[in-house]
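Chemist: If it helps, the file is called input_17.cif and holds mmCIF, C-alpha atoms:
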```cif
data_entry
#
loop_
_atom_site.label_atom_id
_atom_site.label_comp_id
_atom_site.auth_asym_id
_atom_site.auth_seq_id
_atom_site.Cartn_x
_atom_site.Cartn_y
_atom_site.Cartn_z
CA MET Q 1 77.68 -112.12 7.70
CA ASN Q 2 75.55 -109.31 8.97
CA ILE Q 3 72.26 -111.13 9.06
CA LEU Q 4 73.57 -114.10 10.98
CA ASN Q 5 74.78 -111.73 13.70
CA TYR Q 6 71.34 -110.15 13.94
CA ILE Q 7 69.69 -113.56 14.11
CA ASP Q 8 72.09 -114.69 16.80
CA ALA Q 9 71.59 -111.52 18.82
CA PHE Q 10 67.82 -111.81 18.58
CA PHE Q 11 67.58 -115.42 19.68
CA SER Q 12 70.18 -115.24 22.42
CA ASP Q 13 68.46 -112.29 24.12
CA THR Q 14 66.47 -113.91 26.93
CA ALA Q 15 64.05 -110.97 26.97
CA HIS Q 16 62.72 -112.24 23.64
CA TRP Q 17 61.67 -115.54 25.13
CA GLU Q 18 59.16 -114.46 27.79
CA GLY Q 19 56.08 -112.34 28.37
CA TYR Q 20 53.28 -111.29 26.02
CA ASP Q 21 55.83 -110.24 23.38
CA GLY Q 22 57.92 -113.40 23.80
CA ILE Q 23 58.65 -115.81 20.99
CA PRO Q 24 56.44 -118.65 22.37
CA THR Q 25 53.42 -116.34 22.63
CA ARG Q 26 53.91 -114.88 19.16
CA LEU Q 27 54.48 -118.31 17.64
CA ALA Q 28 51.30 -119.63 19.25
CA GLU Q 29 49.32 -116.63 17.99
CA HIS Q 30 50.66 -117.07 14.47
CA LEU Q 31 49.91 -120.78 14.53
CA GLY Q 32 46.42 -120.00 15.82
CA TYR Q 33 45.63 -117.61 12.95
CA THR Q 34 47.04 -120.05 10.43
CA LEU Q 35 45.08 -123.07 11.68
CA MET Q 36 41.87 -121.11 11.96
CA ALA Q 37 42.12 -119.62 8.47
CA LEU Q 38 43.18 -122.91 6.91
CA GLY Q 39 40.36 -124.71 8.72
CA ILE Q 40 37.71 -122.29 7.48
CA ALA Q 41 39.12 -122.27 3.93
CA ALA Q 42 39.30 -126.08 3.82
CA ALA Q 43 35.78 -126.41 5.23
CA ILE Q 44 34.53 -124.26 2.34
CA GLY Q 45 36.90 -125.29 -0.45
CA LEU Q 46 37.25 -129.05 -0.03
CA PRO Q 47 33.56 -130.11 -0.18
CA ILE Q 48 32.83 -127.81 -3.12
CA GLY Q 49 35.98 -128.95 -4.92
CA LEU Q 50 35.21 -132.64 -4.33
CA LEU Q 51 31.60 -132.33 -5.49
CA THR Q 52 32.29 -130.21 -8.57
CA GLY Q 53 35.24 -132.41 -9.44
CA HIS Q 54 33.18 -135.56 -9.01
CA THR Q 55 30.35 -134.30 -11.20
CA GLY Q 56 32.66 -132.38 -13.53
CA ARG Q 57 30.43 -129.35 -13.47
CA GLY Q 58 31.27 -125.73 -12.73
CA GLY Q 59 34.92 -125.84 -13.79
CA ASN Q 60 34.71 -122.48 -15.53
CA THR Q 61 33.00 -120.85 -12.56
CA LEU Q 62 35.74 -122.17 -10.28
CA ALA Q 63 38.44 -120.79 -12.57
CA LEU Q 64 36.69 -117.42 -12.45
CA ILE Q 65 36.52 -117.50 -8.64
CA ALA Q 66 40.19 -118.45 -8.50
CA THR Q 67 41.25 -115.54 -10.70
CA ALA Q 68 39.08 -113.12 -8.74
CA GLY Q 69 40.44 -114.41 -5.42
CA ARG Q 70 43.98 -114.09 -6.65
CA ALA Q 71 43.41 -110.59 -8.00
CA LEU Q 72 42.23 -109.25 -4.63
CA PRO Q 73 45.28 -107.93 -2.76
CA SER Q 74 45.25 -109.56 0.70
CA PHE Q 75 47.10 -106.74 2.37
CA GLY Q 76 44.72 -104.11 1.01
CA LEU Q 77 41.73 -106.29 1.83
CA MET Q 78 42.90 -106.58 5.42
CA VAL Q 79 43.26 -102.82 5.83
CA LEU Q 80 39.88 -102.30 4.16
CA MET Q 81 38.18 -104.80 6.49
CA PHE Q 82 39.87 -103.16 9.43
CA ILE Q 83 38.46 -99.78 8.41
CA LEU Q 84 35.00 -101.22 7.79
CA LEU Q 85 34.69 -103.62 10.73
CA GLY Q 86 37.10 -102.20 13.28
CA LEU Q 87 39.31 -104.23 15.55
CA GLY Q 88 38.49 -107.91 15.71
CA MET Q 89 39.22 -111.33 14.32
CA ALA Q 90 37.13 -110.87 11.16
CA PRO Q 91 39.38 -108.28 9.46
CA VAL Q 92 42.29 -110.71 9.78
CA MET Q 93 40.41 -113.91 8.90
CA ILE Q 94 38.50 -112.68 5.85
CA PRO Q 95 41.57 -111.85 3.70
CA LEU Q 96 43.38 -115.02 4.78
CA VAL Q 97 40.40 -117.20 3.91
CA VAL Q 98 39.86 -115.38 0.61
CA LEU Q 99 43.53 -116.00 -0.13
CA ALA Q 100 43.41 -119.70 0.75
CA ILE Q 101 40.16 -120.80 -0.89
CA PRO Q 102 41.19 -120.51 -4.58
CA PRO Q 103 44.20 -122.87 -4.43
CA ILE Q 104 42.24 -125.44 -2.38
CA LEU Q 105 39.16 -125.21 -4.57
CA VAL Q 106 40.92 -125.31 -7.93
CA THR Q 107 43.43 -128.05 -7.13
CA THR Q 108 40.75 -130.24 -5.56
CA TYR Q 109 38.60 -129.83 -8.64
CA GLU Q 110 41.49 -130.48 -11.01
CA ALA Q 111 42.71 -133.41 -8.91
CA MET Q 112 39.32 -135.09 -9.09
CA ARG Q 113 39.08 -134.41 -12.83
CA SER Q 114 42.48 -135.91 -13.49
CA VAL Q 115 41.61 -139.28 -11.93
CA ASP Q 116 41.83 -142.04 -14.53
CA PRO Q 117 38.21 -142.82 -15.54
CA ALA Q 118 38.86 -146.56 -16.01
CA PRO Q 119 39.07 -147.53 -12.31
CA VAL Q 120 36.15 -145.22 -11.58
CA ASP Q 121 34.02 -147.03 -14.17
CA ALA Q 122 35.24 -150.35 -12.82
CA ALA Q 123 34.16 -149.38 -9.31
CA ARG Q 124 30.73 -148.39 -10.60
CA GLY Q 125 30.52 -151.63 -12.56
CA MET Q 126 31.26 -153.57 -9.40
CA GLY Q 127 28.21 -151.94 -7.88
CA MET Q 128 29.94 -149.44 -5.63
CA ALA Q 129 27.66 -146.65 -4.43
CA GLU Q 130 28.38 -143.11 -5.60
CA ALA Q 131 29.73 -142.11 -2.17
CA GLY Q 132 32.04 -145.14 -2.26
CA VAL Q 133 33.29 -144.17 -5.71
CA LEU Q 134 33.98 -140.66 -4.47
CA PHE Q 135 35.67 -141.49 -1.16
CA ARG Q 136 37.28 -144.87 -1.80
CA VAL Q 137 38.39 -144.60 -5.42
CA GLU Q 138 38.63 -140.99 -6.57
CA LEU Q 139 39.77 -139.37 -3.32
CA PRO Q 140 42.78 -141.64 -2.65
CA VAL Q 141 44.02 -141.18 -6.22
CA ALA Q 142 43.45 -137.42 -6.14
CA LEU Q 143 44.98 -137.02 -2.68
CA PRO Q 144 48.55 -135.96 -3.63
CA LEU Q 145 47.30 -133.06 -5.74
CA ILE Q 146 44.67 -132.10 -3.15
CA LEU Q 147 47.40 -132.02 -0.50
CA SER Q 148 49.56 -129.83 -2.70
CA GLY Q 149 46.67 -127.36 -2.93
CA LEU Q 150 46.26 -127.38 0.86
CA ARG Q 151 50.00 -127.00 1.23
CA SER Q 152 50.26 -123.92 -0.92
CA ALA Q 153 47.21 -122.44 0.84
CA ALA Q 154 48.85 -123.09 4.22
CA ILE Q 155 52.15 -121.51 3.17
CA GLN Q 156 50.41 -118.46 1.77
CA ILE Q 157 48.47 -118.07 5.02
CA VAL Q 158 51.62 -118.40 7.14
CA SER Q 159 53.39 -115.72 5.15
CA THR Q 160 50.40 -113.40 4.83
CA ALA Q 161 49.44 -113.62 8.50
CA THR Q 162 52.52 -111.47 9.17
CA ILE Q 163 50.70 -108.42 7.85
CA ALA Q 164 48.01 -108.85 10.53
CA ALA Q 165 50.45 -107.00 12.78
CA TYR Q 166 49.85 -103.87 10.70
CA VAL Q 167 46.24 -103.76 11.95
CA SER Q 168 47.36 -104.11 15.59
CA PHE Q 169 47.19 -107.89 15.75
CA GLY Q 170 49.77 -110.24 17.22
CA GLY Q 171 51.63 -113.06 15.58
CA LEU Q 172 55.16 -113.11 14.26
CA GLY Q 173 54.54 -110.07 12.07
CA ARG Q 174 54.57 -108.03 15.29
CA TYR Q 175 58.36 -108.30 15.43
CA ILE Q 176 58.76 -107.21 11.82
CA VAL Q 177 56.34 -104.29 11.96
CA ASP Q 178 57.42 -103.09 15.42
CA GLY Q 179 61.06 -103.55 14.54
CA LEU Q 180 60.65 -101.46 11.39
CA TYR Q 181 59.05 -98.63 13.38
CA GLN Q 182 61.55 -98.83 16.24
CA ARG Q 183 64.46 -99.15 13.80
CA ASP Q 184 65.36 -102.30 15.72
CA TYR Q 185 66.78 -104.29 12.88
CA GLU Q 186 67.62 -107.23 15.09
CA LYS Q 187 63.94 -107.70 15.88
CA VAL Q 188 62.96 -107.40 12.22
CA VAL Q 189 65.41 -110.06 11.12
CA GLY Q 190 64.48 -112.29 14.06
CA GLY Q 191 60.80 -112.08 13.15
CA ALA Q 192 61.50 -112.72 9.48
CA THR Q 193 63.58 -115.77 10.39
CA LEU Q 194 60.81 -117.17 12.56
CA VAL Q 195 58.20 -116.75 9.81
CA ALA Q 196 60.45 -118.35 7.23
CA ALA Q 197 61.15 -121.22 9.61
CA MET Q 198 57.45 -121.72 10.20
CA ALA Q 199 56.78 -121.75 6.46
CA LEU Q 200 59.49 -124.35 5.97
CA ALA Q 201 58.07 -126.40 8.85
CA THR Q 202 54.70 -126.29 7.08
CA LEU Q 203 56.36 -127.59 3.93
CA GLY Q 204 57.91 -130.43 5.94
CA LEU Q 205 54.66 -131.21 7.72
CA PHE Q 206 52.78 -131.59 4.44
CA TRP Q 207 55.53 -133.76 3.06
CA ALA Q 208 55.17 -136.03 6.11
CA VAL Q 209 51.38 -136.08 5.85
CA GLY Q 210 51.73 -137.03 2.20
CA ARG Q 211 54.06 -139.90 3.08
CA LEU Q 212 51.60 -141.17 5.67
CA THR Q 213 48.30 -140.78 3.85
CA VAL Q 214 48.98 -141.30 0.16
CA SER Q 215 48.79 -144.98 -0.68
CA ARG Q 216 51.97 -146.53 -2.01
CA GLY Q 217 50.53 -147.51 -5.36
CA VAL Q 218 49.40 -143.96 -6.03
CA ARG Q 219 52.74 -142.53 -4.98
CA ARG Q 220 54.60 -144.75 -7.37
CA ALA Q 221 52.32 -143.73 -10.24
CA SER Q 222 52.79 -140.00 -9.66
CA VAL Q 223 56.53 -139.74 -9.34
CA GLY Q 224 57.88 -136.26 -9.98
CA MET A 1 34.69 -87.20 -9.73
CA SER A 2 38.09 -85.55 -10.02
CA GLU A 3 38.37 -85.28 -6.22
CA LEU A 4 38.01 -89.04 -5.97
CA PHE A 5 41.46 -89.47 -7.43
CA ASP A 6 43.10 -86.62 -5.48
CA MET A 7 46.20 -87.86 -3.71
CA PRO A 8 47.72 -86.63 -0.43
CA SER A 9 50.83 -84.64 -1.23
CA ASP A 10 53.15 -86.88 0.78
CA LEU A 11 52.76 -89.60 -1.83
CA GLN A 12 54.33 -87.25 -4.39
CA ASN A 13 52.43 -88.95 -7.14
CA SER A 14 49.15 -88.78 -9.00
CA TYR A 15 46.86 -91.80 -9.03
CA LEU A 16 47.95 -92.69 -12.54
CA GLY A 17 51.54 -92.24 -11.45
CA LEU A 18 50.98 -94.79 -8.71
CA VAL A 19 49.35 -97.17 -11.19
CA GLY A 20 52.38 -96.88 -13.45
CA LEU A 21 54.73 -97.42 -10.54
CA HIS A 22 52.70 -100.44 -9.44
CA LEU A 23 52.85 -101.99 -12.91
CA ARG A 24 56.58 -101.40 -13.09
CA GLU A 25 57.27 -102.88 -9.66
CA ALA A 26 55.07 -105.91 -10.38
CA LEU A 27 55.80 -106.72 -14.01
CA LEU A 28 59.52 -106.03 -14.38
CA PRO A 29 60.25 -108.88 -11.91
CA VAL A 30 58.00 -111.22 -13.89
CA LEU A 31 59.85 -110.29 -17.07
CA ALA A 32 63.17 -110.88 -15.35
CA GLY A 33 61.81 -114.17 -14.04
CA LEU A 34 60.81 -115.21 -17.56
CA LEU A 35 64.21 -114.33 -19.02
CA LEU A 36 65.92 -116.31 -16.25
CA SER A 37 63.61 -119.29 -16.29
CA LEU A 38 63.86 -119.92 -20.04
CA PRO A 39 67.51 -121.06 -19.85
CA ILE A 40 66.98 -122.76 -16.48
CA ALA A 41 64.03 -124.71 -17.86
CA GLN A 42 66.01 -125.62 -20.97
CA LEU A 43 68.77 -126.99 -18.74
CA CYS A 44 66.18 -128.99 -16.78
CA VAL A 45 64.78 -130.45 -20.00
CA ARG A 46 68.27 -131.39 -21.21
CA LEU A 47 69.56 -132.76 -17.91
CA ARG A 48 66.67 -134.62 -16.34
CA TRP A 49 68.39 -135.15 -12.99
CA LEU A 50 68.62 -131.38 -12.51
CA TYR A 51 64.87 -130.83 -12.41
CA PRO A 52 63.95 -132.29 -8.97
CA PRO A 53 66.64 -130.37 -7.02
CA ILE A 54 65.81 -127.11 -8.82
CA LEU A 55 62.12 -127.65 -8.09
CA TRP A 56 63.04 -128.26 -4.46
CA VAL A 57 65.14 -125.11 -4.13
CA THR A 58 62.50 -122.91 -5.74
CA THR A 59 59.74 -124.38 -3.55
CA VAL A 60 61.78 -123.61 -0.45
CA LEU A 61 62.47 -120.05 -1.66
CA TYR A 62 58.76 -119.67 -2.30
CA ALA A 63 58.05 -120.60 1.31
CA ILE A 64 59.85 -117.46 2.50
CA PRO A 65 57.13 -114.88 3.17
CA SER A 66 57.33 -111.73 1.06
CA LEU A 67 57.50 -109.41 4.06
CA ALA A 68 60.37 -111.42 5.56
CA PHE A 69 62.11 -111.46 2.18
CA PHE A 70 61.71 -107.69 1.84
CA VAL A 71 63.12 -106.85 5.26
CA ILE A 72 66.09 -109.16 4.91
CA LEU A 73 67.00 -107.46 1.63
CA ILE A 74 66.84 -103.99 3.20
CA ASP A 75 70.33 -104.56 4.53
CA TYR A 76 71.69 -104.94 1.00
CA THR A 77 69.50 -102.88 -1.29
CA GLY A 78 68.07 -100.32 1.13
CA LEU A 79 64.51 -99.00 1.08
CA SER A 80 64.31 -99.07 -2.70
CA GLU A 81 62.11 -100.52 -5.40
CA LEU A 82 64.73 -103.18 -5.98
CA THR A 83 64.08 -104.57 -2.51
CA VAL A 84 60.49 -105.24 -3.55
CA MET A 85 61.31 -106.48 -7.03
CA ILE A 86 63.93 -109.11 -6.19
CA PRO A 87 61.59 -111.35 -4.14
CA LEU A 88 58.87 -110.98 -6.75
CA ALA A 89 61.29 -112.14 -9.45
CA VAL A 90 62.20 -115.16 -7.33
CA TYR A 91 58.53 -116.00 -6.80
CA SER A 92 57.80 -115.77 -10.52
CA LEU A 93 60.72 -118.11 -11.18
CA VAL A 94 59.01 -120.68 -8.97
CA VAL A 95 55.87 -120.60 -11.11
CA LEU A 96 57.54 -120.20 -14.50
CA VAL A 97 60.25 -122.88 -14.43
CA PRO A 98 57.82 -125.82 -13.96
CA ALA A 99 55.37 -124.25 -16.43
CA ILE A 100 58.04 -124.01 -19.13
CA VAL A 101 59.54 -127.43 -18.39
CA ASP A 102 56.13 -129.11 -18.53
CA GLY A 103 55.24 -127.16 -21.66
CA VAL A 104 58.45 -128.01 -23.51
CA ARG A 105 58.31 -131.64 -22.38
CA SER A 106 54.73 -131.97 -23.60
CA VAL A 107 55.87 -131.56 -27.22
CA PRO A 108 55.29 -134.99 -28.82
CA GLN A 109 58.35 -137.00 -29.84
CA GLU A 110 56.97 -137.39 -33.38
CA THR A 111 56.77 -133.63 -33.78
CA LEU A 112 60.39 -133.24 -32.77
CA ALA A 113 61.45 -136.06 -35.08
CA ALA A 114 59.54 -134.42 -37.95
CA ALA A 115 61.27 -131.10 -37.29
CA THR A 116 64.66 -132.79 -37.22
CA ALA A 117 63.86 -134.62 -40.46
CA MET A 118 63.02 -131.28 -42.08
CA GLY A 119 66.56 -130.18 -41.30
CA PHE A 120 65.89 -128.03 -38.23
CA GLY A 121 68.93 -127.59 -36.01
CA PRO A 122 68.52 -127.67 -32.23
CA VAL A 123 68.22 -123.88 -31.90
CA ARG A 124 65.71 -123.46 -34.68
CA ARG A 125 63.77 -126.48 -33.45
CA TYR A 126 63.60 -124.95 -29.98
CA LEU A 127 62.52 -121.52 -31.18
CA GLN A 128 60.13 -122.53 -33.93
CA VAL A 129 58.67 -125.81 -32.68
CA GLN A 130 59.08 -126.35 -28.95
CA LEU A 131 58.47 -122.82 -27.67
CA PRO A 132 55.31 -122.17 -29.72
CA ILE A 133 53.82 -125.49 -28.65
CA ALA A 134 54.72 -124.73 -25.05
CA ALA A 135 53.33 -121.19 -25.33
CA PRO A 136 49.91 -121.91 -23.72
CA ALA A 137 51.56 -123.50 -20.68
CA ILE A 138 54.10 -120.68 -20.40
CA ILE A 139 51.40 -118.03 -20.59
CA ALA A 140 49.31 -119.87 -18.00
CA GLY A 141 52.36 -119.60 -15.73
CA LEU A 142 52.85 -115.93 -16.62
CA ARG A 143 49.23 -115.20 -15.69
CA VAL A 144 49.62 -116.69 -12.23
CA ALA A 145 52.99 -115.01 -11.70
CA SER A 146 51.87 -111.53 -12.76
CA VAL A 147 48.58 -111.55 -10.87
CA SER A 148 50.19 -112.60 -7.60
CA SER A 149 53.06 -110.19 -8.20
CA ILE A 150 50.60 -107.31 -8.59
CA SER A 151 48.94 -108.29 -5.34
CA LEU A 152 52.22 -108.61 -3.44
CA VAL A 153 53.63 -105.20 -4.42
CA SER A 154 51.26 -103.60 -1.90
CA VAL A 155 53.11 -105.25 0.98
CA GLY A 156 56.10 -103.11 -0.03
CA MET A 157 54.30 -100.27 1.69
CA LEU A 158 55.54 -101.64 5.01
CA ILE A 159 59.16 -101.08 4.03
CA GLY A 160 59.38 -97.35 3.56
CA ASN A 161 56.47 -96.67 1.20
CA GLN A 162 57.65 -98.84 -1.68
CA GLY A 163 54.22 -100.37 -2.27
CA ALA A 164 52.96 -98.12 -5.13
CA LEU A 165 49.15 -98.42 -4.87
CA GLY A 166 49.71 -100.07 -1.48
CA ASN A 167 51.08 -96.76 -0.15
CA LEU A 168 47.52 -95.47 -0.31
CA LEU A 169 46.63 -97.90 2.48
CA ASN A 170 48.93 -96.15 4.91
CA SER A 171 47.79 -92.69 3.88
CA GLY A 172 44.18 -93.84 4.19
CA MET A 173 44.82 -94.95 7.75
CA ILE A 174 46.80 -91.84 8.75
CA TYR A 175 44.33 -89.33 7.31
CA ASN A 176 41.32 -91.52 8.14
CA GLN A 177 40.23 -91.54 4.49
CA PRO A 178 38.52 -94.82 3.51
CA ARG A 179 38.35 -93.46 -0.05
CA LEU A 180 42.11 -93.97 -0.40
CA ILE A 181 41.86 -97.55 0.83
CA TRP A 182 39.09 -98.34 -1.65
CA LEU A 183 41.19 -96.76 -4.40
CA SER A 184 44.07 -99.00 -3.43
CA VAL A 185 42.18 -102.30 -3.15
CA VAL A 186 39.91 -101.84 -6.15
CA GLY A 187 42.73 -100.34 -8.22
CA THR A 188 45.03 -103.29 -7.52
CA ALA A 189 42.31 -105.83 -8.28
CA VAL A 190 41.34 -104.10 -11.54
CA LEU A 191 44.99 -103.89 -12.55
CA ALA A 192 45.44 -107.62 -11.91
CA ILE A 193 42.36 -108.52 -13.91
CA LEU A 194 43.39 -106.27 -16.83
CA VAL A 195 46.88 -107.75 -16.98
CA ASP A 196 45.38 -111.25 -16.81
CA ALA A 197 43.04 -110.41 -19.70
CA ALA A 198 45.94 -108.94 -21.69
CA LEU A 199 47.90 -112.17 -21.27
CA ILE A 200 44.91 -114.20 -22.46
CA ALA A 201 44.79 -111.95 -25.52
CA VAL A 202 48.50 -112.54 -26.11
CA ARG A 203 47.91 -116.28 -25.89
CA ILE A 204 45.15 -116.12 -28.47
CA LEU A 205 47.40 -114.07 -30.78
CA LEU A 206 50.38 -116.37 -30.34
CA THR A 207 48.51 -119.63 -30.79
CA PRO A 208 46.09 -119.12 -33.66
CA TRP A 209 45.88 -122.89 -34.16
CA MET A 210 44.26 -123.53 -30.81
CA PRO A 211 40.49 -123.84 -30.62
CA ARG A 212 38.93 -120.80 -29.00
CA GLY A 213 37.17 -121.01 -25.68
CA THR A 214 37.93 -124.63 -24.93
CA SER A 215 41.35 -124.02 -23.46
CA ARG A 216 41.74 -124.79 -19.77
CA PRO A 217 41.68 -121.48 -17.96
CA LEU A 218 43.90 -122.73 -15.17
CA LEU A 219 46.18 -125.68 -14.89
CA ALA A 220 46.07 -127.43 -11.56
CA LYS A 221 49.81 -127.32 -11.21
CA GLU A 222 49.89 -123.55 -11.56
CA ALA A 223 46.91 -123.20 -9.27
CA ALA A 224 48.78 -125.10 -6.58
CA ARG A 225 51.44 -122.42 -6.39
#
```
Starting from the file, lay out its structure as C-alpha cells.

Modeler:
Amino acid sequence: MNILNYIDAFFSDTAHWEGYDGIPTRLAEHLGYTLMALGIAAAIGLPIGLLTGHTGRGGNTLALIATAGRALPSFGLMVLMFILLGLGMAPVMIPLVVLAIPPILVTTYEAMRSVDPAPVDAARGMGMAEAGVLFRVELPVALPLILSGLRSAAIQIVSTATIAAYVSFGGLGRYIVDGLYQRDYEKVVGGATLVAAMALATLGLFWAVGRLTVSRGVRRASVG
Amino acid sequence: MSELFDMPSDLQNSYLGLVGLHLREALLPVLAGLLLSLPIAQLCVRLRWLYPPILWVTTVLYAIPSLAFFVILIDYTGLSELTVMIPLAVYSLVVLVPAIVDGVRSVPQETLAAATAMGFGPVRRYLQVQLPIAAPAIIAGLRVASVSSISLVSVGMLIGNQGALGNLLNSGMIYNQPRLIWLSVVGTAVLAILVDAALIAVRILLTPWMPRGTSRPLLAKEAAR
C-alpha cells in the first residue's frame, strides 16, 4: 500500500509538527477560515431562510439564487477576486461564503415549509405569538433538515478552503499545493489526509450536535 | 471581439476546444454515475436494510475534498482526465442514489398494483411505470450533480492542467491577463446554467403529464448535498 507509506512518512516526520508550516498551525488556519466563512454564511442564510420559510414567500427567488450560487465556480471566483482585490482575506472569504449560502438558504426554507401545518395552527389557536410559533414550534421541527443544510455547507467549505493555498494563503491546502510544485508526494498525501479527516470530523460533529439539539419526538418522526 | 477568445499557445486548445473538454470532463462522470446508481438504487429499493449503510458510505465519500481526492488518485491514474473524472463520478453517485430511491419509492402502491393487474412483469413495470414517475426526482438530482460537477472540473487545473476552462485561471495568473480569468469564471457559470436549462427541458419533454411551472425547482434533500 503505497499511500499508507506516504501517510506514515508524513506524520512521523517531526519537522511536520512544528513552526509556521507545522500541522497544528495549518490546522488552526484551516479551521479559522472554515468557521469564519460558515459564520458569515449562516448569519446571512439562516435569518432569510427562516423568514421566507415562515411566510412561504420568495421560494422561487431562493431557488434562482441557489442555482446561480451553485453555477459560480468557487475556484475561479477565488482567483478572480484575488486578481481584482489583491492579497487579503476577502478573496478567500467571498467564494467560500457564496458557496455556503445556497445550501443553508434553500434547506432552511424547505425545512420550514415542510413543517406539518396542524401543530402550527394549533399553536396559533392557543394564542401563541408569531415569534413563538416560529421559534418554539416550527424551528424545533425543522431543525434536522436545517442542520443538514449547515452540515453540507460546512463540508463544502472545509474541502474548498484547500484551494485558498493557490492564492498564497495558508491552511491545509498549503501542503497539497506546495507538495505538487515541489514534487513532494508525501506532503501532498499528508495534506489530503488531513483535509479528509477534518471533513469527516465535521460530519461527526454535526451528527453529535443533531443528537443533542433535536428533540426526541422529532427524531423519532424523521427516521431515515 | 475575436481577440477576446484568443488563447495562449501553451493551452494547446481554442476556447471552444476548452469548452468541449470541460463538458466532457464534467458530464461523462455524471453519466457514469447515473448508470451506476440505477442498479444500486434498485437494490436499495428491493432490500430496505441496504439503504442506510449505502447512504452512509456515499456521505463519507462525499466528505473527501475534491482536491484531496484528485491528488490521491494521481498515484494510480497519473495526471490524466480520468483522475478528475473518477471523483466527480463518485460525487454524482452521492446525489443520484437518494434521488432515484426517493423517486422510485414515491410511486403509489395503488399504481404498482394496477400495473401488476394489467399483466406487467417486474421489468416492464420498472421501466414503464416506476422510472417515468420517478423521472422528475431523478432529473432534479441530475441537475445538482451536473452543475456541481461543472464547477469542480476547474480544480483539476491544480493537478497538471487537467481543469479544462480552469486551466485559463493559471494562464491568466502567469501572463497577468485578467481577461483569461473572466473567460474562465463566466464561461464555467454560463456552461452550468445552460446544462441546467437543458435538463429542465428534458424533464418537460419526459413528463408531459406534469403541470408546467408549478414543479418545485429544487428539492430540499438535493439542496442539502

Chemist: Compute the chain A side of the contact with chain Q at 9 Å, counting only C-alpha atoms, and hand it back as a ChimeraX atom specification.

Modeler: /A:52,59-60,62-69,71-72,75,144,147-148,150-155,158-160,166,169-170,173,176,178,181-182,184-186,188-193,196,216-221,223-225

Chemist: Quick one: which residues end up in the PyMOL selection byres ((chain A and resi 91) around 9) for this structure, as number ranges by chain?

Modeler: A: 29-30, 33, 58, 61-62, 86-90, 92-96, 145, 149

Chemist: For a test of reading the model, state the distance in Å between CA of Leu87 in chain Q and CA of Trp17 in chain Q, rounded to one decimal.

Modeler: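 About the pair CA of Leu87 in chain Q and CA of Trp17 in chain Q: they are 26.8 Å apart.
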
Chemist: Give as an MDAnalysis selection string each residue that has an atom at most 6 Å from (40.6, -90.5, -4.2) in the file, counting only C-alpha atoms.

Modeler: chainID A and resid 4:6 179:180

Chemist: Given 5 Å of margin on each side, can you work out the centre and size in Å (one decimal) of an axis-aligned box holding every listed atom of range 131-141 of chain A, as AutoDock Vina command-line options?

Modeler:
```
--center_x 53.9 --center_y -121.8 --center_z -22.7 --size_x 19.2 --size_y 17.5 --size_z 24.0
```

Chemist: Could you state the separation of CA of Ala9 in chain Q and CA of Ile74 in chain A in Å, given to one decimal place?

Modeler: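 Between CA of Ala9 in chain Q and CA of Ile74 in chain A the gap is 18.0 Å.
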
Chemist: For Pro47 in chain Q, which residue among Q:Arg183, Q:Trp207, Q:Val141, Q:Ile101 is the nearest when counting all atoms listed in the file?

Modeler: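 Nearest to Pro47 in chain Q: Q:Ile101.
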
Chemist: May I have the protein, DNA and RNA residues with any atom at most 8 Å from the point (39.0, -141.3, -7.8), counting only C-alpha atoms, written as a ChimeraX atom specification?

Modeler: /Q:112,115-117,119-120,133-142

Chemist: Would you output that residue set with C-alpha atoms, as a tab-separated table (two decimals), keeping the file's coordinate frame?

Modeler:
```tsv
chain	number	residue	atom	x	y	z
Q	112	MET	CA	39.32	-135.09	-9.09
Q	115	VAL	CA	41.61	-139.28	-11.93
Q	116	ASP	CA	41.83	-142.04	-14.53
Q	117	PRO	CA	38.21	-142.82	-15.54
Q	119	PRO	CA	39.07	-147.53	-12.31
Q	120	VAL	CA	36.15	-145.22	-11.58
Q	133	VAL	CA	33.29	-144.17	-5.71
Q	134	LEU	CA	33.98	-140.66	-4.47
Q	135	PHE	CA	35.67	-141.49	-1.16
Q	136	ARG	CA	37.28	-144.87	-1.80
Q	137	VAL	CA	38.39	-144.60	-5.42
Q	138	GLU	CA	38.63	-140.99	-6.57
Q	139	LEU	CA	39.77	-139.37	-3.32
Q	140	PRO	CA	42.78	-141.64	-2.65
Q	141	VAL	CA	44.02	-141.18	-6.22
Q	142	ALA	CA	43.45	-137.42	-6.14
```

Chemist: Quick one: pull the distance between CA of Ala134 in chain A and CA of Leu55 in chain A, Å, one decimal.

Modeler: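 Separation of CA of Ala134 in chain A and CA of Leu55 in chain A: 18.7 Å.
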
Chemist: With all atoms listed in the file as the atoms that count, which of A:Gly156, A:Gly103, A:Gly78, A:Pro122 lies nearest to Ile139 in chain A?

Modeler: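 For Ile139 in chain A, the nearest of the given residues is A:Gly103.
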
Chemist: For the structure shown, which residues end up in the PyMOL selection byres ((chain A and resi 25) around 9)? Put them as a count of residues only, please?

Modeler: 20

Chemist: Check the smallest atom-to-atom distance from each of A:Ala135, A:Leu79, A:Ala115, A:Ile54 to Met210 in chain A using all atoms listed in the file, then report the winner.

Modeler: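 Once distances to Met210 in chain A are computed over all atoms listed in the file, the minimum belongs to A:Ala135.
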
Chemist: Within 6 Å of Ala99 in chain A, counting only C-alpha atoms, which residues qualify if same-chain residues fewer than 5 places away don't, as a PyMOL selection string?

Modeler: chain A and resi 137-138+141

Chemist: Which residues, named as in the file, does the PyMOL selection byres ((chain Q and resi 94) around 10) pick out? Answer as a VMD selection string.

Modeler: chain Q and resid 37 40 to 41 74 77 to 78 81 89 to 93 95 to 100
